[in-house]
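**Student:** Sharing a structure here in structure tokens format.
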Amino acid sequence: NSQMKAPSLPSFASRRVTIAGVVLLLAIGVSVLAWYVTSLSQRTAAARSFDEQAMRVQQLILDRMRGYEQVLRSASALFAASADISRDEWQQYVAGTHLQETYPGVQGMHFAAHVRDTELPAFVARMRAEGLKDFAVRPAGARADYYPVTWPAPLNERNRRAAGFDLYSEPVRRDALDRARDTGLSAISGKISLVGDPTGGIPGFLYVQPVYARGMPLATIADRRRAIAGGQVRRRSERRVRDRQVRRVRDRRCWRTAEEHQEHHRPGSKGSRH
């Protein structure tokens, strides 16, 4: 057709530019998609790896806590098996558990007697007669019930400082003692500052196992409250607990509490008778 005109050069060039632009954009789109899929896959793998590591650490912590509880139950059985445990026998028992070797960071396991307000003067006098001439229940003050640390073990400098401290005088510790007493089961306190630490800066917690008077009924909460005797305390460095796990991907005569202490994680770290 003589009237048809060939496309002008600018129009033809424009279409070529448009085609090239579409190809370029498509190429970029495919590259972005490939990058997104690869990135998503890597994030998914990283999340899966993190979840697996977290589950392993959780299991290790649970296993360690069961170990602590077993030690406390064994000590509870010691009191159940004998009508009269002496201070020396308690020290020998704790030494025989090799706590610090088996559970690095554990500072000790303490016996804390349950003392009613009317019994306090006689209790303090008895402790002093046994050789603890400066023994006193602290903090001072009138309370209906006391749970002073009676037999700290082992008898090192840190644990000696805890002797006489009334665990029941502080709300967080008292809550754990009450729960263990009422349920007959071990209980863990919230975060506390360890009494044996002179700076008061080491955080930790109590692991409490109740010990009841032999032959007393324990069927109800009221029974257990009448029968409770005292408790035990164990202490452990928090930082050591955490780092080791991460690297390895409480009868009326006594309470037992396990006081575990843990130092803060620092950036750059690897990984009485009664």
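How things are named: the first chain in the structure tokens is A, the next is B, and so on; residues count from 1 in each chain; ligands count from 1 in the order shown.
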With 12 Å as the cut-off and only C-alpha atoms counted, what is the closest atom pair between each nearby residue of range 43-155 of chain A and range 202-216 of chain A? Distances in Å to one decimal, ordered by chain and number, as a tab-separated table.
**Tutor:**
```
residue	atom	partner	partner_atom	distance
A:Met65	CA	A:Tyr207	CA	9.3
A:Arg66	CA	A:Tyr207	CA	11.1
A:Gly67	CA	A:Tyr207	CA	11.6
A:Tyr68	CA	A:Tyr207	CA	8.1
A:Glu69	CA	A:Tyr207	CA	7.9
A:Gln70	CA	A:Gln209	CA	10.1
A:Val71	CA	A:Gln209	CA	9.8
A:Leu72	CA	A:Gln209	CA	6.1
A:Arg73	CA	A:Gln209	CA	7.1
A:Ser74	CA	A:Gln209	CA	10.1
A:Ala75	CA	A:Gln209	CA	9.0
A:Ser76	CA	A:Val211	CA	5.8
A:Ala77	CA	A:Val211	CA	8.5
A:Leu78	CA	A:Val211	CA	9.7
A:Phe79	CA	A:Val211	CA	7.3
A:Ala80	CA	A:Arg214	CA	6.3
A:Ala81	CA	A:Arg214	CA	8.6
A:Ser82	CA	A:Arg214	CA	8.7
A:Ala83	CA	A:Arg214	CA	7.4
A:Asp84	CA	A:Arg214	CA	10.5
A:Gly105	CA	A:Gly204	CA	11.3
A:Val106	CA	A:Gly204	CA	10.8
A:Gln107	CA	A:Gly204	CA	11.1
A:Gly108	CA	A:Leu206	CA	11.5
A:Met109	CA	A:Tyr207	CA	9.7
A:His110	CA	A:Val208	CA	10.2
A:Phe111	CA	A:Val211	CA	10.1
A:Ala112	CA	A:Val211	CA	10.3
A:Ala113	CA	A:Val211	CA	9.8
A:His114	CA	A:Val211	CA	10.0
A:Tyr147	CA	A:Pro210	CA	11.9
```
**Student:** Could you dump the residues just selected with N, CA and C atoms as a short mmCIF file (atom, residue, chain, number, x, y, z; two decimals), in the first residue's frame?
**Tutor:**
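Writing done, so here's out.cif:
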```cif
data_model
loop_
_atom_site.label_atom_id
_atom_site.label_comp_id
_atom_site.auth_asym_id
_atom_site.auth_seq_id
_atom_site.Cartn_x
_atom_site.Cartn_y
_atom_site.Cartn_z
N MET A 65 18.15 -29.65 87.30
CA MET A 65 17.22 -29.37 88.38
C MET A 65 16.73 -30.66 89.02
N ARG A 66 16.52 -31.69 88.22
CA ARG A 66 16.12 -32.99 88.79
C ARG A 66 17.23 -33.55 89.67
N GLY A 67 18.47 -33.30 89.27
CA GLY A 67 19.60 -33.73 90.09
C GLY A 67 19.61 -33.03 91.43
N TYR A 68 19.37 -31.72 91.43
CA TYR A 68 19.30 -30.96 92.68
C TYR A 68 18.20 -31.52 93.58
N GLU A 69 17.04 -31.77 92.97
CA GLU A 69 15.90 -32.26 93.75
C GLU A 69 16.20 -33.63 94.36
N GLN A 70 16.89 -34.47 93.61
CA GLN A 70 17.23 -35.80 94.12
C GLN A 70 18.15 -35.71 95.33
N VAL A 71 19.10 -34.78 95.29
CA VAL A 71 20.00 -34.59 96.43
C VAL A 71 19.20 -34.16 97.66
N LEU A 72 18.24 -33.26 97.47
CA LEU A 72 17.42 -32.78 98.58
C LEU A 72 16.53 -33.90 99.12
N ARG A 73 15.96 -34.70 98.24
CA ARG A 73 15.12 -35.81 98.69
C ARG A 73 15.94 -36.83 99.50
N SER A 74 17.15 -37.04 99.07
CA SER A 74 18.02 -37.97 99.80
C SER A 74 18.32 -37.45 101.20
N ALA A 75 18.55 -36.14 101.31
CA ALA A 75 18.80 -35.55 102.62
C ALA A 75 17.55 -35.61 103.48
N SER A 76 16.39 -35.44 102.86
CA SER A 76 15.14 -35.55 103.60
C SER A 76 14.97 -36.96 104.16
N ALA A 77 15.38 -37.95 103.38
CA ALA A 77 15.30 -39.34 103.84
C ALA A 77 16.22 -39.58 105.03
N LEU A 78 17.34 -38.84 105.08
CA LEU A 78 18.26 -38.96 106.20
C LEU A 78 17.55 -38.61 107.50
N PHE A 79 16.79 -37.51 107.50
CA PHE A 79 16.06 -37.10 108.69
C PHE A 79 14.91 -38.06 109.00
N ALA A 80 14.29 -38.60 107.98
CA ALA A 80 13.19 -39.54 108.18
C ALA A 80 13.68 -40.85 108.79
N ALA A 81 14.93 -41.21 108.51
CA ALA A 81 15.47 -42.49 108.97
C ALA A 81 16.02 -42.43 110.39
N SER A 82 16.28 -41.24 110.91
CA SER A 82 16.87 -41.11 112.24
C SER A 82 16.10 -40.10 113.07
N ALA A 83 15.88 -40.45 114.33
CA ALA A 83 15.16 -39.55 115.23
C ALA A 83 16.04 -38.40 115.71
N ASP A 84 17.34 -38.53 115.54
CA ASP A 84 18.25 -37.51 116.06
C ASP A 84 19.48 -37.41 115.19
N GLY A 105 29.86 -24.98 91.11
CA GLY A 105 29.17 -23.73 91.40
C GLY A 105 28.30 -23.81 92.64
N VAL A 106 27.93 -25.01 93.08
CA VAL A 106 27.14 -25.14 94.30
C VAL A 106 28.00 -24.74 95.48
N GLN A 107 27.50 -23.80 96.27
CA GLN A 107 28.28 -23.29 97.40
C GLN A 107 28.02 -24.05 98.69
N GLY A 108 26.88 -24.69 98.83
CA GLY A 108 26.59 -25.43 100.05
C GLY A 108 25.14 -25.85 100.14
N MET A 109 24.85 -26.68 101.12
CA MET A 109 23.49 -27.12 101.40
C MET A 109 23.27 -26.96 102.90
N HIS A 110 22.28 -26.15 103.28
CA HIS A 110 22.10 -25.75 104.67
C HIS A 110 20.83 -26.33 105.28
N PHE A 111 20.91 -26.61 106.58
CA PHE A 111 19.76 -27.01 107.37
C PHE A 111 19.23 -25.78 108.09
N ALA A 112 17.92 -25.51 107.98
CA ALA A 112 17.30 -24.37 108.66
C ALA A 112 16.17 -24.87 109.53
N ALA A 113 16.31 -24.77 110.87
CA ALA A 113 15.30 -25.28 111.79
C ALA A 113 14.09 -24.37 111.85
N HIS A 114 12.92 -24.98 112.02
CA HIS A 114 11.69 -24.21 112.26
C HIS A 114 11.61 -23.91 113.75
N TYR A 147 12.93 -19.39 110.57
CA TYR A 147 13.66 -20.49 109.93
C TYR A 147 15.11 -20.06 109.78
#
```
**Student:** Considering only C-alpha atoms, return as a PDB file with C-alpha atoms, in the first residue's frame whatever protein or nucleic-acid residues lie within 12 Å of Thr220 in chain A, sequence-local ones (same chain, fewer than 6 positions apart) excluded.
**Tutor:**
```pdb
ATOM      1  CA  ARG A 181       5.624 -26.888 103.554  1.00  0.00           C
ATOM      2  CA  ASP A 182       2.033 -26.914 102.289  1.00  0.00           C
ATOM      3  CA  THR A 183       2.562 -29.205  99.299  1.00  0.00           C
ATOM      4  CA  GLY A 184       5.197 -31.552 100.702  1.00  0.00           C
ATOM      5  CA  ARG A 226       1.751 -28.785 112.334  1.00  0.00           C
ATOM      6  CA  ALA A 227       4.447 -31.290 111.419  1.00  0.00           C
TER       7      ALA A 227
END
```
